[in-house]
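**Q** So that you have it, the file is input01.txt, and it contains compact mmCIF, C-alpha atoms and all ligand atoms:
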```txt
# COMPACT_ATOMS: atom_id res chain seq x y z
CA MET A 1 47.80 67.57 65.09
CA VAL A 2 45.34 67.26 67.93
CA LYS A 3 46.24 69.57 70.79
CA GLU A 4 44.57 67.59 73.54
CA LYS A 5 46.72 64.56 72.85
CA VAL A 6 50.40 63.94 73.47
CA ASN A 7 52.18 64.27 70.13
CA ILE A 8 54.71 61.51 69.51
CA LEU A 9 57.24 61.49 66.69
CA LEU A 10 58.15 57.89 65.90
CA VAL A 11 61.18 57.16 63.70
CA ASP A 12 62.18 53.64 62.68
CA ASP A 13 63.29 52.10 59.40
CA GLU A 14 61.42 48.86 60.13
CA GLU A 15 58.01 49.54 58.61
CA ALA A 16 56.27 46.63 60.34
CA LEU A 17 57.41 47.85 63.74
CA LEU A 18 56.45 51.41 62.85
CA ASP A 19 52.89 50.39 62.02
CA SER A 20 52.44 48.18 65.06
CA ILE A 21 53.75 50.75 67.57
CA LYS A 22 51.77 53.54 65.91
CA ARG A 23 48.51 51.58 66.05
CA ARG A 24 49.00 50.53 69.64
CA LEU A 25 49.82 54.06 70.82
CA GLN A 26 46.89 55.56 68.94
CA ILE A 27 44.51 53.17 70.69
CA ARG A 28 45.92 54.53 73.96
CA ASP A 29 45.06 58.05 72.82
CA PHE A 30 48.46 59.28 71.73
CA ASN A 31 48.79 61.22 68.50
CA VAL A 32 51.56 59.56 66.48
CA ILE A 33 53.41 60.72 63.37
CA ALA A 34 55.52 57.82 62.10
CA VAL A 35 58.35 58.14 59.58
CA ASN A 36 60.99 55.70 58.38
CA ARG A 37 63.97 58.06 57.95
CA GLY A 38 65.89 60.53 60.08
CA ASP A 39 65.66 63.42 57.61
CA LYS A 40 61.87 63.02 57.45
CA ALA A 41 61.77 63.09 61.27
CA LEU A 42 63.49 66.48 61.36
CA GLU A 43 61.04 67.77 58.74
CA VAL A 44 58.08 66.60 60.86
CA ALA A 45 59.57 68.27 63.95
CA ARG A 46 59.78 71.55 62.04
CA LEU A 47 56.11 71.40 61.05
CA HIS A 48 54.40 69.94 64.13
CA PRO A 49 54.52 70.60 67.87
CA ILE A 50 56.13 67.32 68.94
CA ASP A 51 56.17 66.48 72.66
CA VAL A 52 58.30 63.34 72.70
CA ALA A 53 60.36 61.62 70.00
CA LEU A 54 60.85 57.87 69.90
CA VAL A 55 63.90 57.19 67.72
CA ASP A 56 65.47 53.99 66.40
CA LEU A 57 69.27 54.02 66.69
CA LYS A 58 70.21 52.07 63.57
CA MET A 59 68.75 53.45 60.36
CA PRO A 60 70.07 53.85 56.82
CA GLY A 61 70.91 57.47 55.98
CA MET A 62 70.77 59.73 59.01
CA SER A 63 71.40 57.69 62.17
CA GLY A 64 69.32 57.79 65.32
CA GLU A 65 72.26 59.48 67.05
CA ASP A 66 72.18 62.33 64.55
CA VAL A 67 68.40 62.65 64.86
CA LEU A 68 68.80 62.83 68.64
CA LEU A 69 71.49 65.54 68.40
CA HIS A 70 69.53 67.64 65.89
CA LEU A 71 66.30 67.45 67.89
CA LYS A 72 68.01 68.35 71.18
CA LYS A 73 69.81 71.26 69.52
CA ASP A 74 66.69 72.76 67.92
CA TYR A 75 64.15 71.79 70.60
CA PRO A 76 66.10 71.48 73.87
CA TRP A 77 62.92 70.91 75.91
CA MET A 78 61.84 67.92 73.80
CA GLU A 79 62.62 64.56 75.39
CA VAL A 80 63.90 61.82 73.10
CA VAL A 81 63.62 58.10 73.83
CA ILE A 82 65.99 55.85 71.90
CA ILE A 83 64.97 52.36 70.84
CA THR A 84 67.83 49.99 70.12
CA GLY A 85 68.37 46.48 68.87
CA HIS A 86 70.50 44.19 71.03
CA GLY A 87 74.14 45.31 71.29
CA SER A 88 73.85 48.52 69.28
CA PHE A 89 74.53 50.74 72.28
CA ASP A 90 78.05 52.20 72.17
CA PRO A 91 79.08 53.29 75.68
CA GLU A 92 81.97 55.33 74.24
CA ASN A 93 79.43 57.76 72.88
CA GLU A 94 78.36 58.81 76.36
CA SER A 95 78.17 62.53 75.55
CA VAL A 96 75.62 61.75 72.83
CA TYR A 97 73.66 59.21 74.79
CA ASN A 98 73.35 61.39 77.87
CA GLN A 99 71.08 63.63 75.84
CA ALA A 100 68.43 60.94 75.50
CA TYR A 101 65.72 60.65 78.12
CA SER A 102 65.86 56.88 78.14
CA TYR A 103 66.74 53.73 76.18
CA LEU A 104 64.44 50.88 75.33
CA GLY A 105 65.60 47.57 73.93
CA LYS A 106 63.76 45.91 71.06
CA PRO A 107 61.30 44.40 71.23
CA CYS A 108 59.78 46.46 74.02
CA ASP A 109 56.45 45.62 75.58
CA LEU A 110 53.61 48.10 75.34
CA GLU A 111 53.26 48.74 79.08
CA THR A 112 56.95 49.66 79.41
CA LEU A 113 56.75 51.86 76.33
CA LEU A 114 53.67 53.68 77.63
CA ARG A 115 55.20 54.22 81.07
CA VAL A 116 58.42 55.64 79.57
CA LEU A 117 56.53 57.87 77.11
CA VAL A 118 54.36 59.35 79.87
CA GLU A 119 57.44 59.97 82.06
CA ALA A 120 59.29 61.52 79.11
CA TYR A 121 56.28 63.75 78.36
CA LYS A 122 56.17 64.81 82.00
CA LYS A 123 59.85 65.80 81.69
CA THR A 124 59.14 67.70 78.45
CA VAL A 125 56.45 69.71 80.25
CA MET A 126 58.77 70.40 83.21
CA ASN A 127 61.39 71.64 80.71
CA ARG A 128 58.89 73.89 78.93
CA LEU A 129 57.46 75.36 82.12
CA ARG A 130 60.82 75.43 83.89
CA ILE A 131 59.58 73.61 86.94
CA SER A 132 61.65 71.19 89.00
CA PRO A 133 60.76 67.53 89.62
CA GLU A 134 60.04 68.50 93.24
CA GLU A 135 57.59 71.22 92.18
CA MET A 136 55.92 68.81 89.76
CA GLU A 137 55.51 66.16 92.48
CA GLU A 138 54.14 68.80 94.84
CA ILE A 139 51.45 69.77 92.31
CA LEU A 140 50.48 66.14 91.65
CA VAL A 141 50.35 65.32 95.38
CA ARG A 142 48.45 68.54 96.19
CA ASP A 143 45.81 67.61 93.64
CA GLY A 144 45.65 64.04 94.95
CA LEU A 145 46.37 62.51 91.55
CA LYS A 146 47.14 58.83 91.67
CA THR A 147 46.27 56.93 88.52
CA PRO A 148 48.48 57.32 85.43
CA ARG A 149 45.43 58.62 83.55
CA GLU A 150 44.79 61.38 86.13
CA VAL A 151 48.45 62.33 86.16
CA LEU A 152 48.61 62.47 82.37
CA LYS A 153 45.46 64.63 82.22
CA LYS A 154 46.93 67.10 84.72
CA ILE A 155 50.26 67.29 82.90
CA LYS A 156 48.46 67.98 79.61
CA GLU A 157 46.46 70.77 81.27
CA MET A 158 49.63 72.30 82.67
CA ASP A 159 51.25 72.08 79.24
CA GLN A 160 48.33 73.87 77.60
CA HIS A 161 47.74 76.53 80.22
CA GLY A 162 51.29 77.32 81.25
CA GLY A 163 51.84 75.60 84.55
CA ASP A 164 50.35 75.93 87.99
CA LYS A 165 47.99 78.73 86.97
CA SER A 166 45.62 76.08 85.62
CA PRO A 167 42.80 75.12 87.98
CA SER A 168 43.18 72.05 90.13
CA LEU A 169 41.20 68.97 89.09
CA ASN A 170 39.63 69.08 92.53
CA ASP A 171 38.39 72.64 92.15
CA PRO A 172 34.65 72.96 91.59
CA ALA A 173 33.86 73.54 87.91
MG MG B 201 66.66 50.17 62.50
```
Can you give me the file's structure in the form of structure tokens?
Ligand SMILES: [Mg+2]

**A**
Amino acid sequence: MVKEKVNILLVDDEEALLDSIKRRLQIRDFNVIAVNRGDKALEVARLHPIDVALVDLKMPGMSGEDVLLHLKKDYPWMEVVIITGHGSFDPENESVYNQAYSYLGKPCDLETLLRVLVEAYKKTVMNRLRISPEEMEEILVRDGLKTPREVLKKIKEMDQHGGDKSPSLNDPA
């Protein structure tokens, strides 16, 4: 896995969707490992430093719910985004669903997906570094970061260097 990129674990039993999302995210400079089963997803998470998981709810074998619960139990900092077909959300399972960062309906457009993945990654980094949303905003504002690309670059630096000890983008090199 490439350390400078955000590592996405993508799990969906629809192979066509898997390929199309993977290709589109890779063009946008994400590193994507795509698998079509829940048990394979857990195996990948054991072997690779995953930042954000994108998990289909309805899959044969291990369900997306179970993947979500296993990932959050073993890697509590990792944010998980659930992708669901129409009507497959069961509000009675609130205690399970509260553990997901967000839900996206299928089909989801690329811009929405990218925005949610970057936000989820930001949350993963805040979890890892134990910094609050307020502290994160303060850092981004202090450094004058505005574009999504600048923000993402800063978050990646923080992730790699352990938080606010990393130099500001505005500091002279
Ligand atoms: Mg499915």

**Q** Find the residues with any atom within 9 Å of (55.6, 68.4, 73.0); use only C-alpha atoms and the coordinates as given in the file, and write the answer as a ChimeraX atom specification.

**A** /A:6-8,49-53,77-79,121,124-125,128,159

**Q** Measuring between only C-alpha atoms, which one of A:Leu42, A:Leu104, A:Val55, A:Val35 shows the shortest distance to A:Tyr75?

**A**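 Closest to A:Tyr75, using only C-alpha atoms: A:Leu42.
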
**Q** Using atom CA of A:Glu65 and atom CA of A:Asp19 as the two end points, give the distance in Å to one decimal.

**A** 22.0 Å

**Q** How would you write, as a PyMOL selection string, the set of residues no farther than 8 Å from ligand MG 201 (chain B) when counting only C-alpha atoms and all ligand atoms?

**A** chain A and resi 12-14+56-60+84-85

**Q** I'd like the neighbourhood of stretch 21-24 of chain A as a ChimeraX atom specification, where a residue qualifies if any of its atoms comes within 9 Å (using all atoms listed in the file), though same-chain residues fewer than 6 positions away should be ignored.

**A** /A:10,30-34,110

**Q** Limited to C-alpha atoms, could you put the picked residues into a file as a short mmCIF file (atom, residue, chain, number, x, y, z; two decimals), keeping the file's coordinate frame?

**A**
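Saved as again07.cif:
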```
data_model
loop_
_atom_site.label_atom_id
_atom_site.label_comp_id
_atom_site.auth_asym_id
_atom_site.auth_seq_id
_atom_site.Cartn_x
_atom_site.Cartn_y
_atom_site.Cartn_z
CA LEU A 10 58.15 57.89 65.90
CA PHE A 30 48.46 59.28 71.73
CA ASN A 31 48.79 61.22 68.50
CA VAL A 32 51.56 59.56 66.48
CA ILE A 33 53.41 60.72 63.37
CA ALA A 34 55.52 57.82 62.10
CA LEU A 110 53.61 48.10 75.34
#
```

**Q** May I ask for the distance between atom CA of A:Gly144 and atom CA of A:Glu157, given in Å to one decimal place?

**A** 15.3 Å

**Q** Check the smallest atom-to-atom distance from each of A:Ser102, A:Leu17, A:Arg28, A:Leu71 to A:Val44 using all atoms listed in the file, then report the winner.

**A**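 Of the candidates, the smallest distance to A:Val44 is held by A:Leu71.
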
**Q** Work out how far atom CA of A:Gln99 is from atom CA of A:Lys72, in Å to one decimal.

**A**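 Straight-line distance from atom CA of A:Lys72 to atom CA of A:Gln99 works out to 7.3 Å.
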
**Q** Which residue, A:Ser20, A:Met62, A:Leu68, A:Leu9, has the smallest gap to A:Ala45 when you use all atoms listed in the file?

**A**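 Selected residue with least distance to A:Ala45: A:Leu9.
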
**Q** Put the listed atoms of stretch 138-146 of chain A in a box along x, y and z with 5 Å added on every side and give me the centre and edge lengths in Å to one decimal, as AutoDock Vina command-line options.

**A**
```
--center_x 49.9 --center_y 64.3 --center_z 93.9 --size_x 18.5 --size_y 20.9 --size_z 14.6
```
